[in-house]
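Quick notes on the structure that follows.
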Protein chains: 2
Amino acid sequence: MARLYKHAAILGGIILALAVTGINPGAGNAQSSDKADIKKHKTSPGGQYQPQLDVLRDLGVEIPGRKPGDPVISPEEYKQANKIYFERCAGCHGVLRKGATGKALTGDITRDRGYESLRDFITYGSPGGMPNWGTSGDLSEKEIDIMARYLLIDPPQPPEFGMPEVRASWKVHVPVAKRPTKQLNKLDLDNLFSVTLRDSGEIALIDGASKKIVKIIKTGYAVHISRISASGRYLFTIGRDAKIVLIDMWMNEPTPVAEIKIGSEARSVETSKMKGWEDKYAIAGAYWPPQYVIMDGATLEPKKVVSTRGMTYDTQEYHPEPRVAAIVASHYHPEFVVNIKETGHILLVNYEDLDNLKVTTIAAERFLHDGGFDSTGRYFLVAANARNKIAIVDTKENKLVGLVETGTTPHPGRGANIVHPKFGPVWATSHLGDETIALIGTDPDKHPEQAWKMVQSLEGQGGGSLFIKSHPKSGHLYVDTPLNPEAEISSSIAVFKISDLADKEPQYKVLPIGEWSGISEGSRRVVQGEFNKAGDEIWFSVWNAKDQESAIVVVDDKTLKKKAVIKDKRLVTPTGKFNFYNTREDIY
Amino acid sequence: MARLYKHAAILGGIILALAVTGINPGAGNAQSSDKADIKKHKTSPGGQYQPQLDVLRDLGVEIPGRKPGDPVISPEEYKQANKIYFERCAGCHGVLRKGATGKALTGDITRDRGYESLRDFITYGSPGGMPNWGTSGDLSEKEIDIMARYLLIDPPQPPEFGMPEVRASWKVHVPVAKRPTKQLNKLDLDNLFSVTLRDSGEIALIDGASKKIVKIIKTGYAVHISRISASGRYLFTIGRDAKIVLIDMWMNEPTPVAEIKIGSEARSVETSKMKGWEDKYAIAGAYWPPQYVIMDGATLEPKKVVSTRGMTYDTQEYHPEPRVAAIVASHYHPEFVVNIKETGHILLVNYEDLDNLKVTTIAAERFLHDGGFDSTGRYFLVAANARNKIAIVDTKENKLVGLVETGTTPHPGRGANIVHPKFGPVWATSHLGDETIALIGTDPDKHPEQAWKMVQSLEGQGGGSLFIKSHPKSGHLYVDTPLNPEAEISSSIAVFKISDLADKEPQYKVLPIGEWSGISEGSRRVVQGEFNKAGDEIWFSVWNAKDQESAIVVVDDKTLKKKAVIKDKRLVTPTGKFNFYNTREDIY
């Protein structure tokens, strides 16, 4: 497999070279290619291009990169498509296009589907979770045309990014010796929110009480998450471009004190939380190269780069691109819980001795994505999304304790912990691919019958959910649906009353958050509820395109009424929000 | 690096395709290639071949596989060369030719050296340890010509060999239920020797008392080692072709009861020895694909395949081919000690729970090769041969305790443990690249000053040593030199008297084993001393070519006189010998 792949990739590179040299008989012409086409093309007189491909073919060189008649691509278009691919598509389909949450898009598959099918799929999306990039207005017709042609060419393998490159990217802006020894500002750090401004490559720090923007800070592109060090002092952000920015919250004003790039694409960052190891280390996981990097917690100095390439957990075949998904810090051992998407392994990486590194590799399920702890912080529940399952690890005993089928493509974020009136403590996830919300029992001591089983499946507004949220002090469970194709659903939130969950068919209330924002234009996707520290209000992003107005709507948890709307011209494409206290203490 | 490599490999494949299609302007003509040649070639009218290369070049496709004017190779020659490469060269230079004990032989390097230099190097060898394949008679002039041309082409990457392939190769000839419950034969299992018959793909089982061949058993090609299960019942052999044969010693006569292939090239096999885990698991390490496989100890059923691809320990850059060298079983934990050559990591693979696999990765030194335990069985000493060092791991505390510079390319085999008159317990290694024997202190309790230091460097007969040997009951230390270019040295053994080692310049006695064998023709390389169980005699192989007479010479350890010569026409190319008891108990 891997060999074939490489072969394809390199020859794809040759075809690209053909294109780059300007030999380009039909750029921009959308032609479907089937066997009749090939035949026609072979017998018809070609330009410069065709005979040269024929030379390769006659030499016995297989040309997986193209079929004659496929629309080709110019170097400028290729560059543009490459950028769009990495920003929009690689997250689900993989850098090497071998698929994960999204389907595989290797050349054999794309060329089999053909140009028109690709174009339409990108334009209209699918019920399985593929966004409607065309009809949503995110990509223009021209861009989609380029993307469909781009996908017919095999993907080039991006370069490695080992310690030399990681270290070269490392910058300490303010050395530890020049940082304060106590908090110099008057910010209520526990009730700050770090808000991802997706398309501007920034985060906004917003005060939980005043709802005012404290500061906008330049970060990596499309910050995936923010994490807070165990002491509450340091804020870590990681962009999709694998750039980490470390922000010291104790300085006169929150200030980036160090930065580093740990690869060319990434999603996860975490900080050591075990007693005695607070703030000591940070870890980040890359999508490309497939690796994780352990760093000094105060400076981001890279200490250890570990590749995740290896065998899948089930068929035990070599996978060239096992990407690192969610990472959390164990509370029971000095360990990070590192989830590997394509191989389906959960790694418990012990950071006690980096030179003699202990790692427990747990065979779980493929395509691990995101997850969170149960309410006790002992069990970690993670979605194996393309397998429709939740895998559960006991971080005290370091083994898999459950594997639960839930619904189509679970996407929990960190999930939500509630106390069910009948089943006791449960952890909940919603789904990208269907309208259900799955509740999984998490109390093996007092509710052994329910533990690690799906005890209930609630029916929500529809598919396309990304995040679900509650709080120990809340009586509600909130479910977003930002990727639902229907505007009314994608711009509103479903709320279940926890005390009603023992009913036969629990009903939900719809909060028209998009409408409440007062914004009338754009898709107004409503995404990711986040509680304040007190647990009495929940914040939602109203996420519009970069050139449109966005907002954050704050809802009173008791009354389920609008409490405040945060608008600011600097609030560009707000998505994920991370309350410092709740994030630090794993409260969700 | 890796990307460049792949690029080169694939384009090498193209060039090969060119050759395979029969376009072959100068096969067999040894031409050196320099810029003048290229120029001349470009302006002179070429055959079919040259214009087509030009097409590739004009398309902007780099052609690292060849330079115009390089002698090319026919498909038949390529096949022949490939076989010779894997049998003779890959062990030191690597499947991907990235080098380890031997130098890197990637296309950029070989083409830079040129055909003539390669030819001469293969013919005459080097003082650094490259054997003189030509002058020794191992390869003919024609074969060397083919090999030199073969090396100018970039290596193809061999296919993966994951669980599906491993499992497909697995055969149980005699199920456990049909095996005896006690030993049915009268063999003295503890004093049997398993002798590798290198070029016949067999082992000979020889009785230690009678010196008679008990049985010849078909195995993989060029069995690298034999290992005995903790109970003494099962014998495991692994061939260079990665084929393991499991032999049940309790049946009416020793019988192969299962076999498996764990890759396409391998060197190491071991069996679980921890108390409570005797005979439970086997493990084998492959050179290609870079991986280890854990199997059931009684059936060889493959349980777990783990890739070793990852970062080098020092520069922390990705390496595509980190081969598995020696593996030993820990006596302190249910763990295997797995040595990874190219990355310089020592893995402690815990076999208690294969689904939640715990591995400690110890950063040691690059190009780990072979090694053995100290006399207590707690510390494992392994040669980082291309770095001229011995790395030492404490298998109780699971960490590196020492890294000792010894001499040029240490090659200890399992090494030798002796009690030095001055420094107490030491472990010894000889060297491929120089004449010295290094003694390393191994007694941190009673000789803390000497522990993990080279306490003495003895001067032996010369370089080209592969194995060193002693026994707790012996007063001698034996050093072979089979790869020394001088016939007198390669056919004899140096013996040091342990009680003399406190002398200023300890002298050695030379045993003319080749002469004692009574064989007069051939190179009579004398290799690998192995003690009997009692520790009162030591066996040496007199290793001649496949079509020549070989022998085993038995020496009385007290008198250092010839005790017996074992000759038998079935004794084809005997090399390594493994006394069952000493191997099982790690006595050396």
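A note on labels: chains of the structure tokens are A, B, ... as shown, every chain counts residues from 1, and ligands are counted from 1 in their shown order.
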- request: Might you pull out every residue within 8 Å of Asp355 (chain A), with only C-alpha atoms counted and same-chain residues fewer than 4 positions away left off, and present them as a PyMOL selection string?
  value: chain B and resi 361-363
Please, which residues in chain B fall within 6 Å of chain A when counting only C-alpha atoms, and what is the closest atom pair and distance in Å to one decimal for each, ordered by chain then residue number, as JSON lines?
{"residue": "B:Gly162", "atom": "CA", "partner": "A:Glu317", "partner_atom": "CA", "distance": 4.7}
{"residue": "B:Met163", "atom": "CA", "partner": "A:Gln316", "partner_atom": "CA", "distance": 5.2}
{"residue": "B:Ser307", "atom": "CA", "partner": "A:Gly310", "partner_atom": "CA", "distance": 4.9}
{"residue": "B:Gly310", "atom": "CA", "partner": "A:Ser307", "partner_atom": "CA", "distance": 4.9}
{"residue": "B:Gln316", "atom": "CA", "partner": "A:Met163", "partner_atom": "CA", "distance": 5.3}
{"residue": "B:Glu317", "atom": "CA", "partner": "A:Gly162", "partner_atom": "CA", "distance": 4.7}
{"residue": "B:Asp355", "atom": "CA", "partner": "A:Ala363", "partner_atom": "CA", "distance": 5.6}
{"residue": "B:Asn356", "atom": "CA", "partner": "A:Ile362", "partner_atom": "CA", "distance": 4.3}
{"residue": "B:Leu357", "atom": "CA", "partner": "A:Thr361", "partner_atom": "CA", "distance": 5.0}
{"residue": "B:Lys358", "atom": "CA", "partner": "A:Thr360", "partner_atom": "CA", "distance": 4.1}
{"residue": "B:Val359", "atom": "CA", "partner": "A:Val359", "partner_atom": "CA", "distance": 5.4}
{"residue": "B:Thr360", "atom": "CA", "partner": "A:Lys358", "partner_atom": "CA", "distance": 4.1}
{"residue": "B:Thr361", "atom": "CA", "partner": "A:Leu357", "partner_atom": "CA", "distance": 5.0}
{"residue": "B:Ile362", "atom": "CA", "partner": "A:Asn356", "partner_atom": "CA", "distance": 4.3}
{"residue": "B:Ala363", "atom": "CA", "partner": "A:Asp355", "partner_atom": "CA", "distance": 5.6}
{"residue": "B:Lys399", "atom": "CA", "partner": "A:Asn356", "partner_atom": "CA", "distance": 6.0}
field: Shell of 6 Å around region 429-436 of chain A, only C-alpha atoms, local chain residues under 5 positions omitted, as an NGL selection string
entry: :A and (128-129 or 408-412 or 415 or 458-465)
- prompt: What are the DSSP alpha helix (DSSP H) residues of region 308-527 of chain B, as a list in words?
  reply: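 Reading the DSSP output for region 308-527 of chain B, alpha helix (DSSP H) covers Ala487, Glu488, Ile489, Ser490, Ile513, Gly514, Glu515 and Trp516 of chain B.
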DSSP-assigned strand (DSSP E or B) members of region 370-514 of chain B, reported as a PyMOL selection string: chain B and resi 370-373+379-384+389-394+399-405+410+416-420+424-429+431+436-441+451+454-459+468-469+476-480+493-497+508-511
message: So that I can see what lies close to region 514-522 of chain B, please list as a PyMOL selection string the residues with an atom at most 10 Å from it, counting only C-alpha atoms and leaving out residues fewer than 3 positions away in the same chain.
response: chain B and resi 136-137+487-493+511+525-526+540-545+547-555+561-567
- request: For CA of Glu486 (chain B) and CA of Arg267 (chain B), quote the distance in Å rounded to one decimal.
  value: 27.8 Å
message: Taking 2 positions as the minimum chain separation for residues in the same chain, which residues sit within 7 Å of Ser231 (chain B) when counting only C-alpha atoms? Answer as a ChimeraX atom specification.
response: /B:229,233,278-279
Residues from the last selection, N, CA, C and O atoms, saved as a compact mmCIF listing (two decimals), in the first residue's frame:
# COMPACT_ATOMS: atom_id res chain seq x y z
N SER B 229 13.82 -21.88 24.64
CA SER B 229 12.79 -21.37 25.55
C SER B 229 13.22 -21.58 26.99
O SER B 229 14.08 -22.44 27.28
N ARG B 233 12.57 -26.59 26.44
CA ARG B 233 11.88 -27.51 25.55
C ARG B 233 11.93 -27.08 24.08
O ARG B 233 12.08 -27.91 23.19
N GLU B 278 7.52 -18.12 31.57
CA GLU B 278 8.40 -19.01 30.82
C GLU B 278 7.67 -19.62 29.63
O GLU B 278 6.56 -20.13 29.78
N ASP B 279 8.27 -19.59 28.47
CA ASP B 279 7.76 -20.21 27.23
C ASP B 279 6.49 -19.56 26.68
O ASP B 279 5.96 -20.00 25.67
statement: Counting only C-alpha atoms, the residue among A:Thr101, A:Val479, A:Phe531, A:Ala329 that lies closest to Ala384 (chain A) is A:Thr101
- request: For Trp288 (chain B), please output as a PyMOL selection string all residues within 6 Å (counting only C-alpha atoms; exclusion window: fewer than 3 positions along the same chain).
  value: chain B and resi 263-265
Given the selection you just returned, output its residues as a file containing N, CA and C atoms, formatted as a short mmCIF file (atom, residue, chain, number, x, y, z; two decimals), in the first residue's frame.
data_model
loop_
_atom_site.label_atom_id
_atom_site.label_comp_id
_atom_site.auth_asym_id
_atom_site.auth_seq_id
_atom_site.Cartn_x
_atom_site.Cartn_y
_atom_site.Cartn_z
N GLY B 263 8.77 -10.85 8.25
CA GLY B 263 9.19 -9.73 7.42
C GLY B 263 9.92 -10.30 6.23
N SER B 264 10.73 -9.47 5.56
CA SER B 264 11.51 -10.01 4.46
C SER B 264 12.98 -10.14 4.82
N GLU B 265 13.38 -9.56 5.94
CA GLU B 265 14.76 -9.71 6.39
C GLU B 265 14.78 -9.55 7.91
#
- request: Tell me, as a PyMOL selection string, which residues lie within 7 Å of Ile327 (chain B), counting only C-alpha atoms; anything in the same chain fewer than 2 positions away does not count.
  value: chain B and resi 268-270+325+329+336-339
Can you write out the residues you just picked, keeping all heavy atoms, as a PDB file, in the first residue's frame?
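Result went into again.pdb, see below:
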ATOM      1  N   SER B 268      16.788 -11.350  14.626  1.00  0.00           N
ATOM      2  CA  SER B 268      16.702 -11.668  16.047  1.00  0.00           C
ATOM      3  C   SER B 268      15.404 -12.363  16.431  1.00  0.00           C
ATOM      4  O   SER B 268      14.331 -12.055  15.909  1.00  0.00           O
ATOM      5  CB  SER B 268      16.844 -10.386  16.868  1.00  0.00           C
ATOM      6  OG  SER B 268      15.982  -9.394  16.368  1.00  0.00           O
ATOM      7  N   VAL B 269      15.537 -13.287  17.363  1.00  0.00           N
ATOM      8  CA  VAL B 269      14.381 -13.953  17.935  1.00  0.00           C
ATOM      9  C   VAL B 269      14.692 -14.170  19.412  1.00  0.00           C
ATOM     10  O   VAL B 269      15.855 -14.301  19.794  1.00  0.00           O
ATOM     11  CB  VAL B 269      14.089 -15.291  17.196  1.00  0.00           C
ATOM     12  CG1 VAL B 269      15.194 -16.312  17.418  1.00  0.00           C
ATOM     13  CG2 VAL B 269      12.741 -15.872  17.598  1.00  0.00           C
ATOM     14  N   GLU B 270      13.669 -14.148  20.266  1.00  0.00           N
ATOM     15  CA  GLU B 270      13.882 -14.379  21.692  1.00  0.00           C
ATOM     16  C   GLU B 270      12.593 -14.911  22.277  1.00  0.00           C
ATOM     17  O   GLU B 270      11.532 -14.866  21.638  1.00  0.00           O
ATOM     18  CB  GLU B 270      14.326 -13.080  22.376  1.00  0.00           C
ATOM     19  CG  GLU B 270      14.624 -13.143  23.857  1.00  0.00           C
ATOM     20  CD  GLU B 270      15.669 -14.175  24.297  1.00  0.00           C
ATOM     21  OE1 GLU B 270      15.465 -15.372  24.009  1.00  0.00           O
ATOM     22  OE2 GLU B 270      16.651 -13.785  24.940  1.00  0.00           O
ATOM     23  N   ALA B 325      17.811  -4.852  15.821  1.00  0.00           N
ATOM     24  CA  ALA B 325      19.010  -5.671  16.008  1.00  0.00           C
ATOM     25  C   ALA B 325      18.734  -6.673  17.129  1.00  0.00           C
ATOM     26  O   ALA B 325      17.650  -7.248  17.182  1.00  0.00           O
ATOM     27  CB  ALA B 325      20.193  -4.760  16.298  1.00  0.00           C
ATOM     28  N   ALA B 329      15.688 -11.252  26.574  1.00  0.00           N
ATOM     29  CA  ALA B 329      14.563 -11.262  27.507  1.00  0.00           C
ATOM     30  C   ALA B 329      15.047 -10.839  28.882  1.00  0.00           C
ATOM     31  O   ALA B 329      16.030 -11.369  29.386  1.00  0.00           O
ATOM     32  CB  ALA B 329      13.959 -12.663  27.563  1.00  0.00           C
ATOM     33  N   PHE B 336      10.886  -7.593  26.971  1.00  0.00           N
ATOM     34  CA  PHE B 336      11.941  -7.856  26.008  1.00  0.00           C
ATOM     35  C   PHE B 336      12.765  -6.590  25.838  1.00  0.00           C
ATOM     36  O   PHE B 336      12.221  -5.479  25.827  1.00  0.00           O
ATOM     37  CB  PHE B 336      11.363  -8.270  24.654  1.00  0.00           C
ATOM     38  CG  PHE B 336      10.646  -9.601  24.667  1.00  0.00           C
ATOM     39  CD1 PHE B 336       9.298  -9.688  24.370  1.00  0.00           C
ATOM     40  CD2 PHE B 336      11.334 -10.762  24.975  1.00  0.00           C
ATOM     41  CE1 PHE B 336       8.634 -10.910  24.375  1.00  0.00           C
ATOM     42  CE2 PHE B 336      10.677 -11.995  24.990  1.00  0.00           C
ATOM     43  CZ  PHE B 336       9.333 -12.069  24.692  1.00  0.00           C
ATOM     44  N   VAL B 337      14.064  -6.760  25.691  1.00  0.00           N
ATOM     45  CA  VAL B 337      14.964  -5.632  25.430  1.00  0.00           C
ATOM     46  C   VAL B 337      15.247  -5.631  23.930  1.00  0.00           C
ATOM     47  O   VAL B 337      15.894  -6.544  23.419  1.00  0.00           O
ATOM     48  CB  VAL B 337      16.274  -5.790  26.226  1.00  0.00           C
ATOM     49  CG1 VAL B 337      17.189  -4.592  25.992  1.00  0.00           C
ATOM     50  CG2 VAL B 337      15.989  -5.992  27.713  1.00  0.00           C
ATOM     51  N   VAL B 338      14.695  -4.652  23.228  1.00  0.00           N
ATOM     52  CA  VAL B 338      14.723  -4.628  21.767  1.00  0.00           C
ATOM     53  C   VAL B 338      15.603  -3.463  21.304  1.00  0.00           C
ATOM     54  O   VAL B 338      15.321  -2.305  21.623  1.00  0.00           O
ATOM     55  CB  VAL B 338      13.286  -4.471  21.206  1.00  0.00           C
ATOM     56  CG1 VAL B 338      13.293  -4.430  19.692  1.00  0.00           C
ATOM     57  CG2 VAL B 338      12.390  -5.599  21.712  1.00  0.00           C
ATOM     58  N   ASN B 339      16.644  -3.778  20.571  1.00  0.00           N
ATOM     59  CA  ASN B 339      17.619  -2.760  20.184  1.00  0.00           C
ATOM     60  C   ASN B 339      17.383  -2.274  18.761  1.00  0.00           C
ATOM     61  O   ASN B 339      17.373  -3.077  17.825  1.00  0.00           O
ATOM     62  CB  ASN B 339      19.025  -3.337  20.315  1.00  0.00           C
ATOM     63  CG  ASN B 339      19.333  -3.660  21.763  1.00  0.00           C
ATOM     64  OD1 ASN B 339      19.750  -2.791  22.515  1.00  0.00           O
ATOM     65  ND2 ASN B 339      19.080  -4.904  22.165  1.00  0.00           N
TER      66      ASN B 339
END
